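Okay, so here's the structure we're looking at.
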Amino acid sequence: MKHLLPLLENLLHTDFVVLSDTDLKIECEATYVFKQEQNTVWKLSKHKYLHHHENIYDWKKAVVLKIDAAIQEVVQQLQASDVVVITSEEEAIIGYLDSRTLLTKLFESYQYLHAYFQTMIDTMDGSVSIVDEAGKTVVWTPGAERIFSIPKEEIIGNEMEQFFPKEMLLNKVTMETGQSFRHKQHKPREDLFVMINSSPIVINDRIVGAVAAETDITSQVLMNQELMNASSKILQLQKEVSRLQLSHDSFQQIKGSSQLMKETVSLSRKMSETSANILLLGETGVGKEVFAKAIHYYRGSDSPFIAVNCGAITPSLFESEFFGYEKGAFSGADAKGKKGKLELAHGGTLFLDEIGDLPLDMQVKLLRVLQDKTYYRVGGTKQLKAQCRIIAATNKDLEAMVEANTFREDLYYRLNILSITIPPLRERKEDVMELLHLFIYEFSLLYHRTIKIVDPQVTSALLQYDWPGNVRELRNVIERLVLLSGEGTISVGALPPKLLQSTLSSTGYLDDSLEDDLNDFEKNKIMEAIQTENGNKQAAAKKLGISRATLYNKMKKLKIEL
């Protein structure tokens with residue numbers, strides 16, 4: 001490849017002879033004569049060797065490099081010497097280099113490299129810009145001209161700070177810190193949003209410039225803001241419709257349009273039609289109790305739903321809380337006695353949350369109830385029937401606990417007749433936008449705050465974050481953002497420090513770009529609106545709060561065919 005630096009062995013001259021102590025005459029065609037004495041090589045041109053008296057040869061000490069020397073080292077040595085002798089690993093002379101040959105080859109490589117570079121820059125549609133170490137613009141592609149409306153002739157050779165606010169130049173940060181950015185949403189001007197990649201240009205461990213590649217996402221960001229307003233209206237209407245509907249689907253309360261969530265809800269609906277015990281598995285905050293209630297109320301049941309946190313009941317109170325007690329069963333007991341959780345859940349559902357935290361001795365007592373379907377109140381003699389469905393939930397690996405003998409195997413199989421694994425939020429990032437709108441609407445009503453704009457950097461941060469606390473953490477963050485909003489705007493400064501720090505540290509590389517997430521969200525919302533309006537594009541555009549022309553442009557861009 002001619003644009004690369006040539007290999008050393010391809011530049012060597014071989015028109016030379018190596019003179020021994022006994023040689024006095026040179027018969028061959030050679031430009032140089034070399035003589036080796038231990039670790040030193042002496043050089044003399046053939047002309048001088050042949051025309052000087054044999055006792056007054058003008059020998060010069062030669063610069064010697066081995067064949068594996070870097071081309072940079074050869075260039076450095078040729079600055080002080082007209083010839084560099086090249087030896088093999090065994091220190092035998094195999095050729096020499098002169099500055100004229102090397103300069104010719106290097107210039108040829110530069111010509112090819114410059115031609116490749118310039119043609120690539122002129123051909124690409126994207127925006128690419130490069131600044132040198134003085135901050136002056138040295139590359140400005142046609143794509144950059146189109147996005148920023150700045151002609152190449154005006155900006156080349158000038159500092160970018162003359163055209164953009166200093167605080168909005170990300171390549172300046174790259175120049176000063178050496179930090180690279182990938183898929184970072186950036187706002188170089190007040191009216192422009194771009195997705196930017198930025199990297200430093202380094203020569204000999206010194207930053208000599210920075211390159212930035214940008215994609216214009218202004219239309220997506222503005223569309224997202226329009227959809228934010230439209231979604232609030234849609235959510236409000238959905239709540240009104242749900243309130244008026246005679247047949248209520250309990251799973252409507254579970255939000256999420258991702259395929260993973262749809263599959264989980266579909267499986268839950270099937271299991272809701274049975275009375276078998278169900279085990280809900282999932283990380284903290286995924287909504288296990290929400291699923292448990294949806295399963296219980298799916299058939300419109302008016303029967304009780306009783307929730308018990310197994311990790312919060314002490315062993316000494318387990319029996320009285322779980323089974324209830326008769327009057328006078330122990331000192332301090334209610335004089336009238338008290339129904340236990342099992343009795344309160346009669347004919348309905350007993351939800352055992354955090355079942356993995358239940359101590360072993362209490363697991364035995366629970367197992368007996370599940371096996372015999374009967375129990376006694378504390379201090380009672382009358383046998384009562386346990387007539388309720390059991391839904392248990394845990395964020396722990398019960399199979400591993402069974403292996404470690406910290407959870408009873410027989411109880412595990414009694415609870416795990418049917419099981420549902422609720423996916424964490426990081427595996428369904430496409431649901432973040434929908435939940436964002438839902439929670440903003442909820443808390444804006446609760447706290448009487450009107451939210452009109454969400455800073456795109458906030459959206460970007462929420463999409464990048466992995467949400468270890470899942471939906472519960474997202475809900476808490478949105479509540480904070482609404483409370484700290486100002487003049488109808490949610491700004492990036494309102495984000496929790498932990499979340500902000502996490503997203504800042506991960507801006508070098510992202511799994512999913514904001515542009516893709518916004519496109520997916522737009523596509524889903526547009527398709528949903530069109531389907532709701534039975535294919536009427538005019539009505540769908542009105543519902544989304546955009547013009548019909550904008551709707552058709554978006555459909556074409558997002559390849560929506562309806």
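Identifiers in this document derive from the order of the structure tokens: chains are assigned A, B, ..., residues are numbered from 1 separately in each chain, and ligands are numbered from 1 in order of occurrence.
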
Need to verify the contact set: Asp68 (chain A), 9 Å, only C-alpha atoms, exclusion of same-chain residues closer than 4 positions in sequence. Can you return it as a ChimeraX atom specification?
/A:8,88-89

Serialized selection, N, CA, C and O atoms, as a JSON list (two decimals), in the first residue's frame:
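Saved file part-v1.json follows:
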[["chain", "number", "residue", "atom", "x", "y", "z"],
["A", 8, "LEU", "N", 12.09, -0.82, 5.31],
["A", 8, "LEU", "CA", 13.50, -0.46, 5.19],
["A", 8, "LEU", "C", 14.21, -1.30, 4.13],
["A", 8, "LEU", "O", 15.01, -0.78, 3.33],
["A", 88, "SER", "N", 22.71, -6.65, 8.96],
["A", 88, "SER", "CA", 21.79, -7.72, 9.35],
["A", 88, "SER", "C", 21.90, -7.94, 10.86],
["A", 88, "SER", "O", 22.70, -7.29, 11.54],
["A", 89, "GLU", "N", 21.09, -8.87, 11.36],
["A", 89, "GLU", "CA", 21.16, -9.20, 12.78],
["A", 89, "GLU", "C", 22.53, -9.75, 13.14],
["A", 89, "GLU", "O", 22.98, -9.61, 14.28]]

Based on the backbone DSSP call, show me all residues of region 304-516 of chain A assigned strand (DSSP E), as a tab-separated table (two decimals) with C-alpha atoms, in the first residue's frame.
chain	number	residue	atom	x	y	z
A	305	PHE	CA	-55.13	-9.36	48.39
A	306	ILE	CA	-52.92	-9.65	51.48
A	307	ALA	CA	-49.21	-8.80	51.19
A	308	VAL	CA	-46.62	-10.07	53.69
A	309	ASN	CA	-42.95	-9.02	53.75
A	324	GLY	CA	-53.55	-15.43	64.06
A	325	TYR	CA	-54.34	-16.15	67.72
A	338	LYS	CA	-56.78	-11.65	65.97
A	339	LYS	CA	-57.05	-13.07	62.47
A	349	THR	CA	-54.40	-14.12	47.33
A	350	LEU	CA	-51.60	-14.21	49.92
A	351	PHE	CA	-48.55	-12.43	48.50
A	352	LEU	CA	-45.32	-13.54	50.16
A	353	ASP	CA	-42.77	-10.91	49.25
A	374	THR	CA	-54.97	-26.54	57.20
A	375	TYR	CA	-53.66	-24.65	60.25
A	376	TYR	CA	-54.53	-23.63	63.81
A	383	GLN	CA	-58.68	-26.52	62.57
A	384	LEU	CA	-58.98	-23.87	59.86
A	385	LYS	CA	-58.67	-24.34	56.12
A	389	ARG	CA	-53.72	-18.69	46.25
A	390	ILE	CA	-50.05	-18.18	47.13
A	391	ILE	CA	-47.95	-15.80	45.04
A	392	ALA	CA	-44.35	-15.62	46.27
A	393	ALA	CA	-41.65	-13.23	45.09
A	394	THR	CA	-37.90	-12.94	45.54
A	418	LEU	CA	-45.56	-21.67	37.89
A	419	SER	CA	-42.83	-19.03	37.66
A	420	ILE	CA	-42.42	-15.68	35.93
A	421	THR	CA	-39.13	-13.83	35.53
A	453	ILE	CA	-39.55	20.70	28.14
A	454	VAL	CA	-37.13	17.96	29.13
A	489	THR	CA	-38.17	22.70	32.20
A	490	ILE	CA	-36.39	19.63	33.56

Distance criterion (only C-alpha atoms): nearest to Pro468 (chain A) out of A:Pro424, A:Gly135, A:Pro359, A:Gly209:
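Checking each of A:Pro424, A:Gly135, A:Pro359, A:Gly209 against Pro468 (chain A), counting only C-alpha atoms, the winner is A:Pro424.
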
Work out how far apart CA of Ala529 (chain A) and CA of Arg548 (chain A) are and give it in Å to one decimal.
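Here the two named atoms are 12.6 Å from each other.
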
Contacts of Gln538 (chain A) within 12 Å, only C-alpha atoms, excl. fewer than 2 positions in-chain, as an mmCIF file with all heavy atoms, in the first residue's frame:
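around36.cif, freshly written:
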data_model
loop_
_atom_site.group_PDB
_atom_site.id
_atom_site.type_symbol
_atom_site.label_atom_id
_atom_site.label_comp_id
_atom_site.auth_asym_id
_atom_site.auth_seq_id
_atom_site.Cartn_x
_atom_site.Cartn_y
_atom_site.Cartn_z
ATOM 1 N N ILE A 526 -45.841 6.860 16.645
ATOM 2 C CA ILE A 526 -46.545 7.158 15.401
ATOM 3 C C ILE A 526 -47.438 5.996 14.989
ATOM 4 O O ILE A 526 -48.602 6.183 14.618
ATOM 5 C CB ILE A 526 -45.542 7.512 14.286
ATOM 6 C CG1 ILE A 526 -44.883 8.869 14.574
ATOM 7 C CG2 ILE A 526 -46.217 7.536 12.924
ATOM 8 C CD1 ILE A 526 -43.753 9.217 13.630
ATOM 9 N N ALA A 529 -50.464 5.810 17.243
ATOM 10 C CA ALA A 529 -51.459 6.844 16.943
ATOM 11 C C ALA A 529 -52.238 6.505 15.680
ATOM 12 O O ALA A 529 -53.468 6.665 15.632
ATOM 13 C CB ALA A 529 -50.768 8.205 16.794
ATOM 14 N N ILE A 530 -51.557 6.014 14.653
ATOM 15 C CA ILE A 530 -52.223 5.676 13.394
ATOM 16 C C ILE A 530 -53.198 4.513 13.589
ATOM 17 O O ILE A 530 -54.318 4.518 13.078
ATOM 18 C CB ILE A 530 -51.186 5.341 12.306
ATOM 19 C CG1 ILE A 530 -50.371 6.598 11.947
ATOM 20 C CG2 ILE A 530 -51.857 4.783 11.055
ATOM 21 C CD1 ILE A 530 -49.231 6.346 10.992
ATOM 22 N N GLU A 533 -56.307 5.604 15.384
ATOM 23 C CA GLU A 533 -57.206 6.365 14.519
ATOM 24 C C GLU A 533 -57.624 5.567 13.280
ATOM 25 O O GLU A 533 -58.072 6.142 12.290
ATOM 26 C CB GLU A 533 -56.529 7.676 14.093
ATOM 27 C CG GLU A 533 -56.218 8.626 15.242
ATOM 28 C CD GLU A 533 -57.468 9.064 15.976
ATOM 29 O OE1 GLU A 533 -58.536 9.152 15.335
ATOM 30 O OE2 GLU A 533 -57.370 9.322 17.190
ATOM 31 N N ASN A 534 -57.425 4.242 13.349
ATOM 32 C CA ASN A 534 -57.857 3.337 12.261
ATOM 33 C C ASN A 534 -57.283 3.744 10.903
ATOM 34 O O ASN A 534 -57.966 3.692 9.873
ATOM 35 C CB ASN A 534 -59.386 3.299 12.184
ATOM 36 C CG ASN A 534 -60.007 2.743 13.447
ATOM 37 O OD1 ASN A 534 -59.524 1.753 14.004
ATOM 38 N ND2 ASN A 534 -61.072 3.365 13.922
ATOM 39 N N GLY A 535 -56.012 4.157 10.911
ATOM 40 C CA GLY A 535 -55.321 4.475 9.663
ATOM 41 C C GLY A 535 -55.526 5.886 9.164
ATOM 42 O O GLY A 535 -54.971 6.256 8.115
ATOM 43 N N ASN A 536 -56.292 6.712 9.862
ATOM 44 C CA ASN A 536 -56.529 8.086 9.439
ATOM 45 C C ASN A 536 -55.310 8.936 9.786
ATOM 46 O O ASN A 536 -55.065 9.278 10.939
ATOM 47 C CB ASN A 536 -57.778 8.635 10.141
ATOM 48 C CG ASN A 536 -58.193 9.996 9.608
ATOM 49 O OD1 ASN A 536 -57.353 10.840 9.308
ATOM 50 N ND2 ASN A 536 -59.486 10.210 9.498
ATOM 51 N N ALA A 540 -54.317 11.088 13.136
ATOM 52 C CA ALA A 540 -53.129 10.650 13.873
ATOM 53 C C ALA A 540 -52.171 11.818 14.079
ATOM 54 O O ALA A 540 -51.598 11.992 15.157
ATOM 55 C CB ALA A 540 -52.430 9.518 13.131
ATOM 56 N N ALA A 541 -52.004 12.644 13.029
ATOM 57 C CA ALA A 541 -51.118 13.816 13.135
ATOM 58 C C ALA A 541 -51.654 14.782 14.183
ATOM 59 O O ALA A 541 -50.888 15.338 14.989
ATOM 60 C CB ALA A 541 -50.989 14.503 11.780
ATOM 61 N N LYS A 542 -52.956 14.961 14.205
ATOM 62 C CA LYS A 542 -53.572 15.862 15.188
ATOM 63 C C LYS A 542 -53.361 15.334 16.591
ATOM 64 O O LYS A 542 -53.059 16.087 17.530
ATOM 65 C CB LYS A 542 -55.061 16.003 14.885
ATOM 66 C CG LYS A 542 -55.773 17.021 15.768
ATOM 67 C CD LYS A 542 -57.225 17.191 15.351
ATOM 68 C CE LYS A 542 -57.921 18.218 16.239
ATOM 69 N NZ LYS A 542 -59.350 18.383 15.864
ATOM 70 N N LYS A 543 -53.500 14.021 16.777
ATOM 71 C CA LYS A 543 -53.299 13.405 18.095
ATOM 72 C C LYS A 543 -51.863 13.592 18.569
ATOM 73 O O LYS A 543 -51.593 13.801 19.760
ATOM 74 C CB LYS A 543 -53.652 11.917 18.023
ATOM 75 C CG LYS A 543 -53.453 11.173 19.346
ATOM 76 C CD LYS A 543 -53.780 9.694 19.204
ATOM 77 C CE LYS A 543 -55.262 9.475 19.161
ATOM 78 N NZ LYS A 543 -55.903 9.703 20.467
ATOM 79 N N LEU A 544 -50.914 13.514 17.625
ATOM 80 C CA LEU A 544 -49.499 13.661 17.971
ATOM 81 C C LEU A 544 -49.082 15.123 18.117
ATOM 82 O O LEU A 544 -47.971 15.408 18.557
ATOM 83 C CB LEU A 544 -48.622 12.984 16.907
ATOM 84 C CG LEU A 544 -48.709 11.458 16.829
ATOM 85 C CD1 LEU A 544 -48.011 10.946 15.581
ATOM 86 C CD2 LEU A 544 -48.115 10.822 18.075
ATOM 87 N N GLY A 545 -49.940 16.044 17.695
ATOM 88 C CA GLY A 545 -49.617 17.456 17.812
ATOM 89 C C GLY A 545 -48.659 17.947 16.756
ATOM 90 O O GLY A 545 -47.909 18.901 16.973
ATOM 91 N N ILE A 546 -48.673 17.290 15.560
ATOM 92 C CA ILE A 546 -47.791 17.698 14.470
ATOM 93 C C ILE A 546 -48.634 17.825 13.204
ATOM 94 O O ILE A 546 -49.776 17.382 13.142
ATOM 95 C CB ILE A 546 -46.641 16.687 14.246
ATOM 96 C CG1 ILE A 546 -47.207 15.291 13.948
ATOM 97 C CG2 ILE A 546 -45.722 16.635 15.446
ATOM 98 C CD1 ILE A 546 -46.154 14.240 13.649
ATOM 99 N N SER A 547 -48.041 18.420 12.175
ATOM 100 C CA SER A 547 -48.752 18.567 10.909
ATOM 101 C C SER A 547 -48.743 17.250 10.148
ATOM 102 O O SER A 547 -47.922 16.367 10.403
ATOM 103 C CB SER A 547 -48.100 19.654 10.053
ATOM 104 O OG SER A 547 -46.801 19.241 9.640
ATOM 105 N N ARG A 548 -49.661 17.126 9.187
ATOM 106 C CA ARG A 548 -49.706 15.892 8.398
ATOM 107 C C ARG A 548 -48.443 15.743 7.549
ATOM 108 O O ARG A 548 -47.944 14.635 7.351
ATOM 109 C CB ARG A 548 -50.943 15.888 7.491
ATOM 110 C CG ARG A 548 -51.156 14.532 6.817
ATOM 111 C CD ARG A 548 -52.512 14.429 6.171
ATOM 112 N NE ARG A 548 -52.634 15.325 5.017
ATOM 113 C CZ ARG A 548 -53.630 15.259 4.124
ATOM 114 N NH1 ARG A 548 -54.599 14.386 4.301
ATOM 115 N NH2 ARG A 548 -53.677 16.089 3.117
ATOM 116 N N ALA A 549 -47.906 16.871 7.069
ATOM 117 C CA ALA A 549 -46.666 16.811 6.280
ATOM 118 C C ALA A 549 -45.519 16.275 7.123
ATOM 119 O O ALA A 549 -44.719 15.438 6.663
ATOM 120 C CB ALA A 549 -46.324 18.200 5.744
ATOM 121 N N THR A 550 -45.420 16.751 8.376
ATOM 122 C CA THR A 550 -44.372 16.250 9.274
ATOM 123 C C THR A 550 -44.559 14.761 9.530
ATOM 124 O O THR A 550 -43.587 13.995 9.565
ATOM 125 C CB THR A 550 -44.410 17.016 10.612
ATOM 126 O OG1 THR A 550 -44.202 18.405 10.358
ATOM 127 C CG2 THR A 550 -43.332 16.504 11.557
ATOM 128 N N LEU A 551 -45.811 14.352 9.684
ATOM 129 C CA LEU A 551 -46.080 12.930 9.921
ATOM 130 C C LEU A 551 -45.605 12.078 8.750
ATOM 131 O O LEU A 551 -44.942 11.055 8.935
ATOM 132 C CB LEU A 551 -47.577 12.719 10.157
ATOM 133 C CG LEU A 551 -48.029 11.258 10.314
ATOM 134 C CD1 LEU A 551 -47.373 10.628 11.534
ATOM 135 C CD2 LEU A 551 -49.540 11.165 10.416
ATOM 136 N N TYR A 552 -45.926 12.526 7.516
ATOM 137 C CA TYR A 552 -45.511 11.752 6.341
ATOM 138 C C TYR A 552 -43.989 11.715 6.200
ATOM 139 O O TYR A 552 -43.404 10.696 5.819
ATOM 140 C CB TYR A 552 -46.153 12.348 5.079
ATOM 141 C CG TYR A 552 -47.557 11.852 4.824
ATOM 142 C CD1 TYR A 552 -48.654 12.669 5.057
ATOM 143 C CD2 TYR A 552 -47.784 10.564 4.371
ATOM 144 C CE1 TYR A 552 -49.951 12.218 4.844
ATOM 145 C CE2 TYR A 552 -49.083 10.091 4.163
ATOM 146 C CZ TYR A 552 -50.167 10.919 4.399
ATOM 147 O OH TYR A 552 -51.430 10.459 4.197
#

For Thr459 (chain A), find every residue with an atom within 9 Å (counting only C-alpha atoms), except residues of its own chain fewer than 5 positions away, and show them as number ranges by chain.
A: 433, 436, 454, 464, 492, 514

Any idea what the distance is between CA of Leu260 (chain A) and CA of Leu398 (chain A)?
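A separation of 22.8 Å between them.
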
Selected residue, from A:Arg408, A:His3, A:Lys262, A:Lys525, that lies nearest to Tyr112 (chain A) when counting only C-alpha atoms
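For Tyr112 (chain A), the nearest of the candidates is A:His3.
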
Among region 170-219 of chain A, which residues carry a DSSP assignment of alpha helix (DSSP H), reported as a PyMOL selection string?
chain A and resi 170-177+218-219

May I have the residues from that selection written out with all heavy atoms, as an mmCIF file, in the first residue's frame?
data_model
loop_
_atom_site.group_PDB
_atom_site.id
_atom_site.type_symbol
_atom_site.label_atom_id
_atom_site.label_comp_id
_atom_site.auth_asym_id
_atom_site.auth_seq_id
_atom_site.Cartn_x
_atom_site.Cartn_y
_atom_site.Cartn_z
ATOM 1 N N LEU A 170 -16.821 20.803 22.120
ATOM 2 C CA LEU A 170 -16.374 19.556 22.739
ATOM 3 C C LEU A 170 -14.958 19.185 22.310
ATOM 4 O O LEU A 170 -14.208 18.570 23.075
ATOM 5 C CB LEU A 170 -17.342 18.424 22.376
ATOM 6 C CG LEU A 170 -17.231 17.159 23.224
ATOM 7 C CD1 LEU A 170 -17.529 17.465 24.684
ATOM 8 C CD2 LEU A 170 -18.187 16.088 22.708
ATOM 9 N N ASN A 171 -14.566 19.570 21.097
ATOM 10 C CA ASN A 171 -13.207 19.239 20.663
ATOM 11 C C ASN A 171 -12.159 19.978 21.492
ATOM 12 O O ASN A 171 -11.014 19.549 21.594
ATOM 13 C CB ASN A 171 -13.010 19.506 19.169
ATOM 14 C CG ASN A 171 -13.340 20.925 18.766
ATOM 15 O OD1 ASN A 171 -13.488 21.811 19.615
ATOM 16 N ND2 ASN A 171 -13.451 21.161 17.465
ATOM 17 N N LYS A 172 -12.557 21.108 22.087
ATOM 18 C CA LYS A 172 -11.633 21.824 22.982
ATOM 19 C C LYS A 172 -11.379 20.996 24.239
ATOM 20 O O LYS A 172 -10.254 20.943 24.746
ATOM 21 C CB LYS A 172 -12.213 23.196 23.338
ATOM 22 C CG LYS A 172 -11.264 24.078 24.137
ATOM 23 C CD LYS A 172 -11.807 25.470 24.311
ATOM 24 C CE LYS A 172 -10.831 26.355 25.072
ATOM 25 N NZ LYS A 172 -9.582 26.554 24.338
ATOM 26 N N VAL A 173 -12.449 20.353 24.739
ATOM 27 C CA VAL A 173 -12.290 19.458 25.896
ATOM 28 C C VAL A 173 -11.373 18.301 25.532
ATOM 29 O O VAL A 173 -10.491 17.913 26.306
ATOM 30 C CB VAL A 173 -13.670 18.925 26.354
ATOM 31 C CG1 VAL A 173 -13.508 17.933 27.505
ATOM 32 C CG2 VAL A 173 -14.576 20.071 26.759
ATOM 33 N N THR A 174 -11.554 17.751 24.336
ATOM 34 C CA THR A 174 -10.701 16.652 23.869
ATOM 35 C C THR A 174 -9.248 17.099 23.769
ATOM 36 O O THR A 174 -8.331 16.366 24.145
ATOM 37 C CB THR A 174 -11.198 16.144 22.504
ATOM 38 O OG1 THR A 174 -12.517 15.616 22.654
ATOM 39 C CG2 THR A 174 -10.291 15.054 21.963
ATOM 40 N N MET A 175 -9.018 18.297 23.265
ATOM 41 C CA MET A 175 -7.660 18.826 23.136
ATOM 42 C C MET A 175 -7.007 19.004 24.502
ATOM 43 O O MET A 175 -5.822 18.694 24.687
ATOM 44 C CB MET A 175 -7.699 20.183 22.421
ATOM 45 C CG MET A 175 -7.895 20.096 20.922
ATOM 46 S SD MET A 175 -6.348 19.733 20.064
ATOM 47 C CE MET A 175 -5.445 21.245 20.354
ATOM 48 N N GLU A 176 -7.767 19.495 25.471
ATOM 49 C CA GLU A 176 -7.195 19.808 26.778
ATOM 50 C C GLU A 176 -7.015 18.579 27.658
ATOM 51 O O GLU A 176 -6.084 18.529 28.461
ATOM 52 C CB GLU A 176 -8.093 20.831 27.493
ATOM 53 C CG GLU A 176 -8.095 22.204 26.817
ATOM 54 C CD GLU A 176 -9.093 23.159 27.454
ATOM 55 O OE1 GLU A 176 -9.894 22.687 28.299
ATOM 56 O OE2 GLU A 176 -9.070 24.363 27.111
ATOM 57 N N THR A 177 -7.905 17.600 27.525
ATOM 58 C CA THR A 177 -7.873 16.439 28.429
ATOM 59 C C THR A 177 -7.419 15.147 27.762
ATOM 60 O O THR A 177 -7.039 14.204 28.446
ATOM 61 C CB THR A 177 -9.264 16.200 29.038
ATOM 62 O OG1 THR A 177 -10.188 15.817 27.994
ATOM 63 C CG2 THR A 177 -9.786 17.460 29.716
ATOM 64 N N THR A 218 -31.210 17.267 15.507
ATOM 65 C CA THR A 218 -32.112 18.324 15.973
ATOM 66 C C THR A 218 -33.569 17.948 15.757
ATOM 67 O O THR A 218 -34.409 18.137 16.635
ATOM 68 C CB THR A 218 -31.803 19.644 15.235
ATOM 69 O OG1 THR A 218 -30.419 19.971 15.428
ATOM 70 C CG2 THR A 218 -32.659 20.774 15.776
ATOM 71 N N SER A 219 -33.887 17.385 14.587
ATOM 72 C CA SER A 219 -35.283 17.044 14.294
ATOM 73 C C SER A 219 -35.793 15.975 15.237
ATOM 74 O O SER A 219 -36.939 16.023 15.690
ATOM 75 C CB SER A 219 -35.416 16.578 12.840
ATOM 76 O OG SER A 219 -34.618 15.417 12.607
#

Please, what distance in Å, to one decimal, runs between CA of Lys327 (chain A) and CA of Thr314 (chain A)?
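If I compute the distance from CA of Lys327 (chain A) to CA of Thr314 (chain A), I get 21.1 Å.
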
Which neighbours of Met362 (chain A) fall inside 10 Å, counting only C-alpha atoms, when residues of the same chain fewer than 6 positions from it are skipped, and could you give them as a PyMOL selection string?
chain A and resi 310+313-316+318-319

Create the file for the chosen residues now, containing N, CA and C atoms and written as a short mmCIF file (atom, residue, chain, number, x, y, z; two decimals), in the first residue's frame.
data_model
loop_
_atom_site.label_atom_id
_atom_site.label_comp_id
_atom_site.auth_asym_id
_atom_site.auth_seq_id
_atom_site.Cartn_x
_atom_site.Cartn_y
_atom_site.Cartn_z
N CYS A 310 -41.81 -11.13 54.07
CA CYS A 310 -41.24 -12.23 54.85
C CYS A 310 -39.96 -11.83 55.56
N ILE A 313 -40.82 -10.07 59.24
CA ILE A 313 -41.48 -10.76 60.35
C ILE A 313 -40.43 -11.48 61.19
N THR A 314 -40.40 -11.17 62.48
CA THR A 314 -39.45 -11.84 63.38
C THR A 314 -39.96 -13.24 63.70
N PRO A 315 -39.06 -14.20 63.96
CA PRO A 315 -39.49 -15.58 64.26
C PRO A 315 -40.49 -15.66 65.41
N SER A 316 -40.32 -14.81 66.44
CA SER A 316 -41.20 -14.88 67.61
C SER A 316 -42.64 -14.47 67.28
N PHE A 318 -43.94 -14.77 64.06
CA PHE A 318 -44.37 -15.36 62.79
C PHE A 318 -45.71 -16.08 62.92
N GLU A 319 -45.84 -16.95 63.91
CA GLU A 319 -47.06 -17.74 64.03
C GLU A 319 -48.28 -16.87 64.31
#

Using only C-alpha atoms, find the one residue out of A:Thr381, A:Asp82, A:Thr215, A:Ile201 that sits nearest to Phe148 (chain A).
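Distance minimum relative to Phe148 (chain A) lands on A:Thr215.
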